[in-house]
>>> print(open('entry-v6.cif').read())   # mmCIF, C-alpha atoms
data_input
#
loop_
_atom_site.label_atom_id
_atom_site.label_comp_id
_atom_site.auth_asym_id
_atom_site.auth_seq_id
_atom_site.Cartn_x
_atom_site.Cartn_y
_atom_site.Cartn_z
CA MET A 1364 38.64 1.61 -21.36
CA GLN A 1365 39.07 5.09 -19.87
CA ASP A 1366 35.55 6.01 -21.01
CA LEU A 1367 34.24 2.81 -19.45
CA PHE A 1368 36.07 3.57 -16.20
CA LYS A 1369 34.58 7.08 -16.12
CA GLN A 1370 31.05 5.71 -16.72
CA ALA A 1371 31.55 3.21 -13.90
CA GLN A 1372 32.88 5.92 -11.56
CA ASP A 1373 29.93 8.20 -12.37
CA LEU A 1374 27.54 5.35 -11.58
CA VAL A 1375 29.39 4.67 -8.31
CA GLY A 1376 28.71 8.29 -7.34
CA GLU A 1377 25.01 8.12 -8.26
CA ILE A 1378 24.52 4.87 -6.36
CA ASN A 1379 26.26 6.29 -3.29
CA VAL A 1380 23.99 9.35 -3.36
CA ALA A 1381 20.91 7.11 -3.60
CA ILE A 1382 22.12 4.89 -0.74
CA ASN A 1383 22.60 7.96 1.46
CA ARG A 1384 19.23 9.48 0.57
CA LEU A 1385 17.49 6.19 1.32
CA ALA A 1386 19.32 5.92 4.67
CA ILE A 1387 20.44 2.36 3.96
CA GLY A 1388 23.04 2.71 6.72
CA ASP A 1389 20.28 3.49 9.25
CA ALA A 1390 18.34 0.47 8.00
CA GLU A 1391 21.41 -1.71 8.57
CA ARG A 1392 21.70 -0.45 12.15
CA GLN A 1393 18.01 -1.16 12.75
CA LEU A 1394 18.50 -4.67 11.35
CA ALA A 1395 21.49 -5.28 13.61
CA ALA A 1396 19.48 -4.17 16.65
CA LEU A 1397 16.60 -6.48 15.74
CA ARG A 1398 18.98 -9.41 15.25
CA GLU A 1399 20.50 -8.71 18.64
CA LEU A 1400 17.05 -8.80 20.27
CA ALA A 1401 16.35 -12.10 18.54
CA LYS A 1402 19.35 -13.68 20.30
CA ALA A 1403 17.67 -13.38 23.72
CA HIS A 1404 16.85 -16.74 25.34
CA ASP A 1405 13.23 -15.68 25.96
CA PHE A 1406 12.76 -14.15 22.49
CA TRP A 1407 9.89 -16.49 21.56
CA SER A 1408 8.10 -16.19 24.90
CA ASP A 1409 6.07 -13.36 23.34
CA ASN A 1410 5.14 -14.98 20.06
CA MET A 1411 3.49 -11.92 18.49
CA ALA A 1412 6.42 -9.63 19.31
CA ALA A 1413 8.85 -12.23 17.98
CA GLN A 1414 6.94 -12.58 14.72
CA ALA A 1415 6.83 -8.78 14.33
CA ASN A 1416 10.60 -8.69 14.87
CA MET A 1417 11.24 -11.37 12.23
CA LYS A 1418 8.89 -9.69 9.78
CA GLN A 1419 10.67 -6.36 10.22
CA GLN A 1420 14.03 -8.09 9.75
CA ALA A 1421 12.85 -9.59 6.45
CA LYS A 1422 11.57 -6.20 5.26
CA LEU A 1423 14.84 -4.46 6.11
CA GLU A 1424 16.90 -7.21 4.47
CA ALA A 1425 14.81 -6.91 1.29
CA ARG A 1426 15.47 -3.16 1.26
CA ILE A 1427 19.20 -3.31 2.04
CA THR A 1428 20.43 -6.32 0.03
CA PRO A 1429 19.74 -5.07 -3.55
CA TRP A 1430 21.53 -1.76 -2.87
CA ARG A 1431 24.58 -3.29 -1.24
CA GLN A 1432 24.79 -5.89 -4.01
CA LEU A 1433 24.57 -3.15 -6.64
CA GLU A 1434 27.25 -1.14 -4.83
CA HIS A 1435 29.56 -4.17 -4.72
CA GLU A 1436 29.04 -4.99 -8.41
CA ILE A 1437 29.70 -1.45 -9.68
CA HIS A 1438 32.88 -1.19 -7.62
CA ASP A 1439 34.09 -4.48 -9.16
CA ILE A 1440 33.42 -3.15 -12.67
CA ALA A 1441 35.22 0.14 -11.90
CA ASP A 1442 38.24 -1.76 -10.57
CA LEU A 1443 38.40 -4.01 -13.65
CA ALA A 1444 37.93 -1.06 -16.03
CA LYS A 1445 40.83 0.68 -14.31
CA THR A 1446 43.21 -2.13 -15.39
CA ASN A 1447 42.81 -1.12 -19.05
CA ASP A 1448 42.57 -4.79 -20.07
CA VAL A 1449 40.98 -4.40 -23.53
CA SER A 1450 39.96 -8.08 -23.63
CA LEU A 1451 37.45 -7.34 -20.85
CA LYS A 1452 35.84 -4.36 -22.58
CA THR A 1453 32.84 -6.06 -24.19
CA ASP A 1454 32.02 -8.08 -21.10
CA LEU A 1455 32.31 -5.01 -18.85
CA GLN A 1456 30.13 -2.96 -21.19
CA ASN A 1457 27.39 -5.59 -20.95
CA GLN A 1458 27.70 -5.76 -17.17
CA LEU A 1459 27.57 -1.97 -16.89
CA ARG A 1460 24.45 -1.86 -19.06
CA GLU A 1461 22.80 -4.50 -16.88
CA ILE A 1462 23.68 -2.71 -13.64
CA THR A 1463 22.44 0.61 -15.03
CA GLY A 1464 19.09 -1.01 -15.81
CA HIS A 1465 18.93 -2.50 -12.33
CA PHE A 1466 19.77 0.90 -10.80
CA ASP A 1467 17.04 2.60 -12.83
CA LYS A 1468 14.49 0.22 -11.29
CA LEU A 1469 15.82 0.52 -7.76
CA LYS A 1470 16.03 4.30 -7.73
CA ALA A 1471 12.23 4.46 -8.03
CA GLN A 1472 12.46 4.10 -4.24
CA LEU A 1473 13.74 7.69 -4.15
CA LYS A 1474 10.19 8.81 -4.90
CA PHE A 1475 9.01 7.44 -1.55
CA LYS A 1476 9.54 10.27 0.92
CA GLY A 1477 6.62 9.76 3.32
CA PRO A 1478 7.10 8.39 6.85
CA TYR A 1479 5.01 5.29 6.11
CA ASP A 1480 5.83 4.70 2.44
CA ASP A 1481 7.72 1.47 3.18
CA HIS A 1482 4.76 -0.01 5.10
CA ASP A 1483 2.22 -2.61 4.05
CA ALA A 1484 -1.17 -1.17 3.10
CA ILE A 1485 -4.72 -1.60 4.30
CA LEU A 1486 -7.18 -0.87 1.52
CA SER A 1487 -10.85 -0.19 2.28
CA LEU A 1488 -13.55 0.30 -0.34
CA TYR A 1489 -17.02 1.78 0.17
CA ALA A 1490 -19.92 1.97 -2.27
CA GLY A 1491 -21.10 5.56 -2.72
CA ALA A 1492 -23.86 7.21 -4.74
CA GLY A 1493 -25.32 4.97 -7.44
CA GLY A 1494 -27.23 2.19 -5.66
CA THR A 1495 -26.63 -1.33 -6.97
CA ASP A 1496 -24.38 0.00 -9.73
CA ALA A 1497 -22.14 1.57 -7.10
CA GLN A 1498 -21.93 -1.71 -5.18
CA ASP A 1499 -21.01 -3.53 -8.38
CA TRP A 1500 -18.45 -0.82 -9.14
CA THR A 1501 -16.92 -1.27 -5.67
CA GLN A 1502 -16.46 -4.98 -6.36
CA MET A 1503 -14.86 -4.17 -9.73
CA LEU A 1504 -12.35 -1.95 -7.94
CA GLN A 1505 -11.62 -4.68 -5.40
CA ARG A 1506 -10.85 -7.05 -8.27
CA MET A 1507 -8.66 -4.38 -9.94
CA TYR A 1508 -6.48 -3.90 -6.85
CA THR A 1509 -6.29 -7.63 -6.20
CA ARG A 1510 -5.14 -8.23 -9.79
CA TRP A 1511 -2.55 -5.43 -9.47
CA ALA A 1512 -1.18 -6.92 -6.25
CA GLU A 1513 -1.04 -10.45 -7.62
CA ALA A 1514 0.80 -9.24 -10.74
CA HIS A 1515 3.47 -7.75 -8.44
CA GLY A 1516 3.79 -10.88 -6.32
CA LEU A 1517 2.22 -9.24 -3.28
CA LYS A 1518 0.20 -11.03 -0.61
CA VAL A 1519 -3.50 -10.12 -0.41
CA THR A 1520 -5.60 -10.95 2.66
CA MET A 1521 -9.32 -10.31 3.03
CA ILE A 1522 -10.07 -8.68 6.39
CA ASP A 1523 -13.76 -7.85 6.08
CA GLU A 1524 -16.45 -7.74 3.42
CA SER A 1525 -20.11 -6.72 3.33
CA THR A 1526 -21.97 -7.99 0.25
CA GLY A 1527 -24.73 -6.10 -1.52
CA GLU A 1528 -28.31 -7.33 -1.53
CA GLU A 1529 -28.55 -7.54 -5.32
CA ALA A 1530 -24.95 -7.52 -6.55
CA GLY A 1531 -21.47 -6.33 -5.69
CA ILE A 1532 -20.28 -5.27 -2.25
CA LYS A 1533 -21.22 -2.45 0.11
CA SER A 1534 -17.73 -2.35 1.59
CA ALA A 1535 -14.55 -4.39 1.87
CA THR A 1536 -11.20 -4.17 3.61
CA ILE A 1537 -8.12 -6.02 2.39
CA GLU A 1538 -4.50 -6.07 3.48
CA ILE A 1539 -1.69 -5.98 0.92
CA ASN A 1540 1.80 -6.96 2.06
CA GLY A 1541 5.08 -6.22 0.32
CA ASN A 1542 7.86 -3.67 -0.05
CA ASP A 1543 6.77 -0.01 -0.33
CA VAL A 1544 3.12 -1.00 -0.86
CA TYR A 1545 1.68 2.05 0.87
CA GLY A 1546 4.08 4.32 -1.03
CA LEU A 1547 2.78 2.88 -4.29
CA LEU A 1548 -0.91 2.68 -3.48
CA LYS A 1549 -1.38 6.01 -1.68
CA SER A 1550 -2.10 7.50 -5.11
CA GLU A 1551 -5.38 5.54 -5.14
CA HIS A 1552 -6.81 7.22 -2.03
CA GLY A 1553 -10.03 9.05 -2.91
CA VAL A 1554 -13.31 8.79 -4.81
CA HIS A 1555 -13.42 6.85 -8.09
CA ARG A 1556 -16.20 7.55 -10.63
CA LEU A 1557 -17.59 5.12 -13.20
CA VAL A 1558 -19.76 6.00 -16.22
CA ARG A 1559 -21.30 3.09 -18.15
CA LEU A 1560 -24.49 1.56 -19.49
CA SER A 1561 -26.03 0.03 -16.40
CA PRO A 1562 -26.47 -3.78 -16.42
CA PHE A 1563 -28.98 -3.33 -13.58
CA ASN A 1564 -31.25 -0.87 -15.35
CA ALA A 1565 -34.18 -2.30 -17.34
CA ASP A 1566 -33.76 0.41 -19.98
CA HIS A 1567 -29.98 -0.10 -20.09
CA LEU A 1568 -29.43 3.62 -19.51
CA ARG A 1569 -26.16 5.36 -18.81
CA GLN A 1570 -25.37 5.38 -15.09
CA THR A 1571 -22.79 7.24 -13.05
CA SER A 1572 -21.54 5.45 -9.92
CA PHE A 1573 -19.10 6.31 -7.17
CA ALA A 1574 -16.91 4.34 -4.79
CA LYS A 1575 -14.52 5.56 -2.13
CA VAL A 1576 -11.08 3.98 -1.86
CA GLU A 1577 -9.24 4.44 1.42
CA ILE A 1578 -5.53 3.59 1.44
CA MET A 1579 -3.84 3.43 4.83
CA PRO A 1580 -0.34 2.45 5.96
CA LYS A 1581 -0.61 -0.68 8.09
CA ILE A 1582 0.35 0.36 11.61
CA ASP A 1583 0.65 -2.81 13.69
CA ARG A 1584 3.21 -1.42 16.16
CA SER A 1585 1.61 0.47 19.03
CA ASP A 1586 4.62 2.79 19.36
CA GLU A 1587 4.06 4.25 15.87
CA VAL A 1588 0.61 5.65 16.70
CA VAL A 1589 0.07 5.87 20.45
CA LEU A 1590 -3.60 5.71 21.48
CA ASP A 1591 -4.94 6.90 24.82
CA ASP A 1592 -7.31 4.33 26.35
CA LYS A 1593 -9.66 7.07 27.52
CA ASP A 1594 -10.21 8.08 23.88
CA LEU A 1595 -11.45 4.58 22.95
CA LYS A 1596 -14.95 3.13 23.27
CA ILE A 1597 -14.84 -0.66 22.86
CA ASP A 1598 -18.00 -2.73 22.31
CA VAL A 1599 -18.26 -6.50 21.88
CA TYR A 1600 -21.25 -8.19 20.31
CA ARG A 1601 -22.36 -11.38 18.61
CA SER A 1602 -21.07 -11.87 15.09
CA GLY A 1603 -23.52 -12.18 12.24
CA GLY A 1604 -23.41 -13.69 8.77
CA ARG A 1605 -21.25 -16.52 7.52
CA GLY A 1606 -18.27 -17.73 9.47
CA GLY A 1607 -18.97 -20.97 11.27
CA GLN A 1608 -20.81 -21.99 14.39
CA SER A 1609 -18.54 -20.39 17.00
CA VAL A 1610 -18.49 -17.09 15.13
CA ASN A 1611 -22.26 -16.85 15.23
CA THR A 1612 -22.84 -17.99 18.82
CA THR A 1613 -20.20 -16.08 20.81
CA ASP A 1614 -19.61 -12.39 21.48
CA SER A 1615 -16.50 -12.36 19.33
CA ALA A 1616 -17.18 -9.27 17.20
CA VAL A 1617 -15.47 -6.05 18.29
CA ARG A 1618 -16.30 -2.42 17.55
CA ILE A 1619 -13.78 0.26 18.54
CA THR A 1620 -14.62 3.96 18.34
CA HIS A 1621 -12.00 6.69 18.55
CA VAL A 1622 -14.10 9.26 20.38
CA PRO A 1623 -12.21 12.47 19.40
CA THR A 1624 -12.54 11.81 15.63
CA GLY A 1625 -15.61 9.57 15.60
CA ILE A 1626 -13.75 6.94 13.56
CA THR A 1627 -15.27 3.49 14.13
CA VAL A 1628 -13.78 0.13 13.21
CA ALA A 1629 -15.83 -3.08 13.51
CA ILE A 1630 -14.31 -6.52 12.92
CA GLN A 1631 -16.03 -9.90 13.17
CA ASN A 1632 -14.30 -12.20 10.72
CA GLU A 1633 -12.10 -14.01 13.27
CA ARG A 1634 -13.43 -16.57 15.75
CA SER A 1635 -11.51 -15.04 18.66
CA GLN A 1636 -12.55 -11.77 20.29
CA LEU A 1637 -8.87 -11.06 20.99
CA GLN A 1638 -7.93 -11.51 17.33
CA ASN A 1639 -10.77 -9.24 16.23
CA LYS A 1640 -9.69 -6.60 18.75
CA GLU A 1641 -6.08 -6.71 17.56
CA THR A 1642 -7.18 -6.40 13.93
CA ALA A 1643 -9.53 -3.53 14.78
CA MET A 1644 -6.76 -1.72 16.70
CA THR A 1645 -4.38 -2.12 13.75
CA ILE A 1646 -6.93 -0.66 11.34
CA LEU A 1647 -7.78 2.17 13.76
CA ARG A 1648 -4.10 3.12 14.11
CA SER A 1649 -3.77 2.93 10.33
CA ARG A 1650 -6.75 5.22 9.76
CA LEU A 1651 -5.47 7.74 12.28
CA ALA A 1652 -2.00 7.69 10.67
CA GLN A 1653 -3.58 8.36 7.27
CA LEU A 1654 -5.70 11.15 8.76
CA GLN A 1655 -2.61 12.73 10.28
CA LEU A 1656 -0.93 12.74 6.87
CA GLU A 1657 -4.00 14.32 5.25
CA GLN A 1658 -4.54 16.98 7.90
CA HIS A 1659 -0.84 17.69 8.62
CA GLN A 1660 -1.32 17.41 12.38
CA ASP A 1661 1.34 16.28 14.83
CA LYS A 1662 -1.09 15.34 17.60
CA LEU A 1663 -3.99 12.89 17.39
CA SER A 1664 -6.00 15.22 19.63
CA ASP A 1665 -5.98 17.86 16.86
CA LEU A 1666 -7.48 15.56 14.24
CA LYS A 1667 -10.94 16.09 12.81
CA GLY A 1668 -13.06 13.21 11.56
CA PRO A 1669 -12.90 12.37 7.83
CA ILE A 1670 -15.68 14.09 5.89
CA GLN A 1671 -15.10 13.27 2.20
CA SER A 1672 -18.13 11.52 0.72
CA ALA A 1673 -18.23 9.27 -2.33
CA GLU A 1674 -20.24 11.42 -4.69
CA TRP A 1675 -20.07 13.94 -7.52
CA GLY A 1676 -17.36 16.58 -7.17
CA ASN A 1677 -14.95 14.61 -4.99
CA GLN A 1678 -13.55 12.17 -7.53
CA ILE A 1679 -9.83 11.74 -8.17
CA ARG A 1680 -10.27 9.54 -11.24
CA SER A 1681 -12.98 8.89 -13.82
CA TYR A 1682 -13.53 5.60 -15.65
CA VAL A 1683 -15.74 6.07 -18.70
CA LEU A 1684 -16.98 2.97 -20.54
CA HIS A 1685 -19.75 4.73 -22.54
CA PRO A 1686 -20.20 6.67 -24.84
CA TYR A 1687 -16.41 6.52 -25.26
CA LYS A 1688 -13.64 4.66 -23.46
CA GLN A 1689 -11.28 6.55 -21.18
CA VAL A 1690 -9.72 6.48 -17.74
CA LYS A 1691 -8.42 9.86 -16.59
CA ASP A 1692 -6.73 10.90 -13.35
CA LEU A 1693 -7.95 14.37 -12.50
CA ARG A 1694 -4.87 15.24 -10.40
CA THR A 1695 -2.06 14.36 -12.79
CA GLY A 1696 -3.92 14.56 -16.11
CA TYR A 1697 -2.69 11.09 -17.08
CA GLU A 1698 -5.24 9.21 -19.20
CA THR A 1699 -5.65 6.09 -21.29
CA SER A 1700 -8.26 4.89 -23.77
CA ASN A 1701 -7.96 1.28 -22.55
CA PRO A 1702 -10.12 0.99 -19.40
CA ASP A 1703 -10.28 -2.80 -19.72
CA SER A 1704 -6.53 -3.02 -19.10
CA VAL A 1705 -6.76 -0.68 -16.10
CA LEU A 1706 -9.66 -2.61 -14.56
CA ASP A 1707 -7.61 -5.78 -15.06
CA GLY A 1708 -4.94 -4.34 -12.74
CA ASN A 1709 -2.67 -2.29 -15.02
CA LEU A 1710 -2.33 0.62 -12.58
CA ASP A 1711 1.41 1.25 -12.81
CA PRO A 1712 1.20 4.15 -15.31
CA PHE A 1713 -1.23 5.98 -13.00
CA ILE A 1714 0.92 5.25 -9.95
CA ASP A 1715 4.10 6.41 -11.71
CA ALA A 1716 2.39 9.60 -12.96
CA TYR A 1717 1.25 10.41 -9.43
CA LEU A 1718 4.70 9.82 -7.92
CA GLU A 1719 6.30 12.03 -10.60
CA HIS A 1720 3.60 14.66 -10.01
CA THR A 1721 4.27 14.82 -6.27
CA ILE A 1722 8.09 14.94 -6.37
#
>>> encode(input="entry-v6.cif", output="C-alpha cells")
Amino acid sequence: MQDLFKQAQDLVGEINVAINRLAIGDAERQLAALRELAKAHDFWSDNMAAQANMKQQAKLEARITPWRQLEHEIHDIADLAKTNDVSLKTDLQNQLREITGHFDKLKAQLKFKGPYDDHDAILSLYAGAGGTDAQDWTQMLQRMYTRWAEAHGLKVTMIDESTGEEAGIKSATIEINGNDVYGLLKSEHGVHRLVRLSPFNADHLRQTSFAKVEIMPKIDRSDEVVLDDKDLKIDVYRSGGRGGQSVNTTDSAVRITHVPTGITVAIQNERSQLQNKETAMTILRSRLAQLQLEQHQDKLSDLKGPIQSAEWGNQIRSYVLHPYKQVKDLRTGYETSNPDSVLDGNLDPFIDAYLEHTI
C-alpha cells in the first residue's frame, strides 16, 4: 500500500502542476465574475451580451470541472491508500489506473499556449491554382474538416459558400464551436496540395491542385480586437444567389474593408443587414487576430495584408492519390499511406504531430 500511496502522491503533484500551468484558478475567478454579472436585474435587457456571458460561463465550466473533479478523486485515493487497508488495494489500483488515463487525456491541454487557443474557430477555404480540380479539392477539404468536427462532437455552422460553375466550391467559410478548437485546428492553416488523376480531364491525366485553408480564432468580443471606425469602409448592397425573397430584394449584404491591411469580408447569407454586419465584423476581427499572430505585431496599425497564395511552393501538406498513396505534412514530417482515412476526417495524428513539433 505504501507504493500505491507514493504513486497517488506523485500524481497529486503532477495534477497540481498542470492546474497551475493552465491557470484554472484564474478561470474560476472569471466564472465567478460572469455569474455575478448574470445576477443583475437587467441582465437580459441586452440579449446578445447576455448570451455571450452564458456561453463564456459554459466554456469556463467545461474547462474547470474535469480538472477539479480529477483533483478531488486523486486526493480521495491518496487518503485511502494512506490507511494501509490491504482489502482496498485492488480497487484503488484500478481507480488509480483509470485516473491516470483520464489525466493523460486532459494534459493535452498543456500544449495549448497561444492567447486564442481556447476559442472557437472560423475556417475559410479558397480554391487556388488548378481550375475545376482545385474547386473540387476545396470541397473535399470542407468535407474532411466537417467530418473531423462531427467525429469530435463539435458544432459546425455554414457561414458563407460560393459554388463552382462546373463542380466543387470557389470558397467557403464555416464556424466550428467547441473547447480548444482553434488550438487544435491552427495546424491546418496554409496551402494544401492534391495530386491525382483528374476526373474532369478528358484524358484522365494527373493533375496537381491547390486550396488555401485559413484558420482563425473566433473573436466575437469587441474588446479582444479593438477596431478604429476610421479604418473601416462599410458597403451595403443587394444580396445575390439563393436565400429567399427578402434576401434577394433588400440591401442586406454587407462588405467591410479594413483599409490599413486591405482585408475585405463580405457576408450576405442572413436576411438582416444587422446580422450580416455582426457576422462580418466577427470574421474581420478573427482575421486580424490571426494576422497578428502570424506577423508578431502588437498593434493592428503595424499589420501588413496577407500575401500567401494557394499555389506551388507554399504548401504545408501534400495529398497524393496517384501514382502512389500518401499524405505528408511538410512541417513535421508526419506521413501516412492512407489518404482515404485522412480525407474522411482522421486528422488527429497530424494535429498531434504539429502540437508536439511546436512545444
>>> atom_distance(input="entry-v6.cif", atom1="atom CA of Lys1667 of chain A", atom2="atom CA of Arg1584 of chain A")
22.8 Å
>>> closest_atom_pairs(input="entry-v6.cif", of="segment 1491-1566 of chain A", to="segment 1395-1418 of chain A", cutoff="12 Å", atoms="all atoms listed in the file", output="Markdown table")
| residue | atom | partner | partner_atom | distance |
| --- | --- | --- | --- | --- |
| A:Asn1540 | CA | A:Lys1418 | CA | 10.8 |
| A:Gly1541 | CA | A:Lys1418 | CA | 10.8 |
| A:Asn1542 | CA | A:Lys1418 | CA | 11.6 |
>>> resolve_selection(input="entry-v6.cif", expression="the PyMOL selection byres ((chain A and resi 1501) around 9)", output="list in words")
Leu1488, Tyr1489, Ala1490, Gly1491, Asp1496, Ala1497, Gln1498, Asp1499, Trp1500, Gln1502, Met1503, Leu1504, Gln1505, Arg1506, Gly1531, Ile1532, Lys1533, Ser1534, Ala1535, Phe1573, Ala1574, Lys1575 and Val1576 of chain A
>>> resolve_selection(input="entry-v6.cif", expression="the PyMOL selection byres ((chain A and resi 1466) around 10)", output="count of residues only")
19
>>> resolve_selection(input="entry-v6.cif", expression="the PyMOL selection byres ((chain A and resi 1386-1390) around 9)", output="list in words")
Ala1381, Ile1382, Asn1383, Arg1384, Leu1385, Glu1391, Arg1392, Gln1393, Leu1394, Ala1395, Leu1423, Glu1424, Arg1426, Ile1427, Trp1430 and Arg1431 of chain A
>>> residues_around(input="entry-v6.cif", residues="Ser1550 of chain A", least_positions_apart="4", cutoff="10 Å", atoms="all atoms listed in the file", output="PDB file with C-alpha atoms, keeping the file's coordinate frame")
ATOM      1  CA  TYR A1545       1.680   2.050   0.870  1.00  0.00           C
ATOM      2  CA  GLY A1546       4.080   4.320  -1.030  1.00  0.00           C
ATOM      3  CA  ILE A1578      -5.530   3.590   1.440  1.00  0.00           C
ATOM      4  CA  ILE A1679      -9.830  11.740  -8.170  1.00  0.00           C
ATOM      5  CA  ARG A1694      -4.870  15.240 -10.400  1.00  0.00           C
ATOM      6  CA  PHE A1713      -1.230   5.980 -13.000  1.00  0.00           C
ATOM      7  CA  ILE A1714       0.920   5.250  -9.950  1.00  0.00           C
ATOM      8  CA  ASP A1715       4.100   6.410 -11.710  1.00  0.00           C
ATOM      9  CA  ALA A1716       2.390   9.600 -12.960  1.00  0.00           C
ATOM     10  CA  TYR A1717       1.250  10.410  -9.430  1.00  0.00           C
ATOM     11  CA  LEU A1718       4.700   9.820  -7.920  1.00  0.00           C
ATOM     12  CA  THR A1721       4.270  14.820  -6.270  1.00  0.00           C
TER      13      THR A1721
END
>>> atom_distance(input="entry-v6.cif", atom1="atom CA of Ile1440 of chain A", atom2="atom CA of Asp1366 of chain A")
12.6 Å
>>> closest_residue(input="entry-v6.cif", among="A:Gln1570, A:Leu1443, A:Asp1543, A:Arg1650", to="His1685 of chain A", atoms="only C-alpha atoms")
A:Gln1570
>>> residues_near_point(input="entry-v6.cif", point="(-15.3, 2.5, 12.8)", cutoff="9 Å", atoms="all atoms listed in the file", output="ChimeraX atom specification")
/A:1618-1621,1625-1629,1643,1647
>>> residues_near_point(input="entry-v6.cif", point="(-10.4, 5.2, 22.2)", cutoff="9 Å", atoms="only C-alpha atoms", output="MDAnalysis selection string")
chainID A and resid 1590:1597 1619:1623
>>> closest_residue(input="entry-v6.cif", among="A:Phe1368, A:Tyr1600, A:Tyr1682, A:Tyr1508", to="Gln1456 of chain A", atoms="all atoms listed in the file")
A:Phe1368
>>> residues_around(input="entry-v6.cif", residues="segment 1630-1642 of chain A", least_positions_apart="6", cutoff="6 Å", atoms="only C-alpha atoms", output="PyMOL selection string")
chain A and resi 1602+1610+1615-1617
>>> atom_distance(input="entry-v6.cif", atom1="atom CA of Asp1711 of chain A", atom2="atom CA of Ser1487 of chain A")
19.5 Å
>>> closest_atom_pairs(input="entry-v6.cif", of="segment 1470-1532 of chain A", to="segment 1652-1655 of chain A", cutoff="12 Å", atoms="only C-alpha atoms", output="JSON lines")
{"residue": "A:Gly1477", "atom": "CA", "partner": "A:Gln1653", "partner_atom": "CA", "distance": 11.0}
{"residue": "A:Pro1478", "atom": "CA", "partner": "A:Ala1652", "partner_atom": "CA", "distance": 9.9}
{"residue": "A:Tyr1479", "atom": "CA", "partner": "A:Ala1652", "partner_atom": "CA", "distance": 8.7}
{"residue": "A:Asp1480", "atom": "CA", "partner": "A:Gln1653", "partner_atom": "CA", "distance": 11.2}
{"residue": "A:His1482", "atom": "CA", "partner": "A:Ala1652", "partner_atom": "CA", "distance": 11.7}
{"residue": "A:Ala1484", "atom": "CA", "partner": "A:Gln1653", "partner_atom": "CA", "distance": 10.7}
{"residue": "A:Ile1485", "atom": "CA", "partner": "A:Gln1653", "partner_atom": "CA", "distance": 10.5}
{"residue": "A:Leu1486", "atom": "CA", "partner": "A:Gln1653", "partner_atom": "CA", "distance": 11.5}
>>> residues_around(input="entry-v6.cif", residues="Lys1691 of chain A", least_positions_apart="4", cutoff="8 Å", atoms="all atoms listed in the file", output="ChimeraX atom specification")
/A:1680-1682,1696-1699
>>> write_last_selection(input="entry-v6.cif", atoms="C-alpha atoms", output="mmCIF file, in the frame of the given file")
data_model
loop_
_atom_site.group_PDB
_atom_site.id
_atom_site.type_symbol
_atom_site.label_atom_id
_atom_site.label_comp_id
_atom_site.auth_asym_id
_atom_site.auth_seq_id
_atom_site.Cartn_x
_atom_site.Cartn_y
_atom_site.Cartn_z
ATOM 1 C CA ARG A 1680 -10.270 9.540 -11.240
ATOM 2 C CA SER A 1681 -12.980 8.890 -13.820
ATOM 3 C CA TYR A 1682 -13.530 5.600 -15.650
ATOM 4 C CA GLY A 1696 -3.920 14.560 -16.110
ATOM 5 C CA TYR A 1697 -2.690 11.090 -17.080
ATOM 6 C CA GLU A 1698 -5.240 9.210 -19.200
ATOM 7 C CA THR A 1699 -5.650 6.090 -21.290
#
>>> residues_around(input="entry-v6.cif", residues="Leu1451 of chain A", least_positions_apart="3", cutoff="12 Å", atoms="all atoms listed in the file", output="PyMOL selection string")
chain A and resi 1364+1367-1368+1440-1448+1454-1459
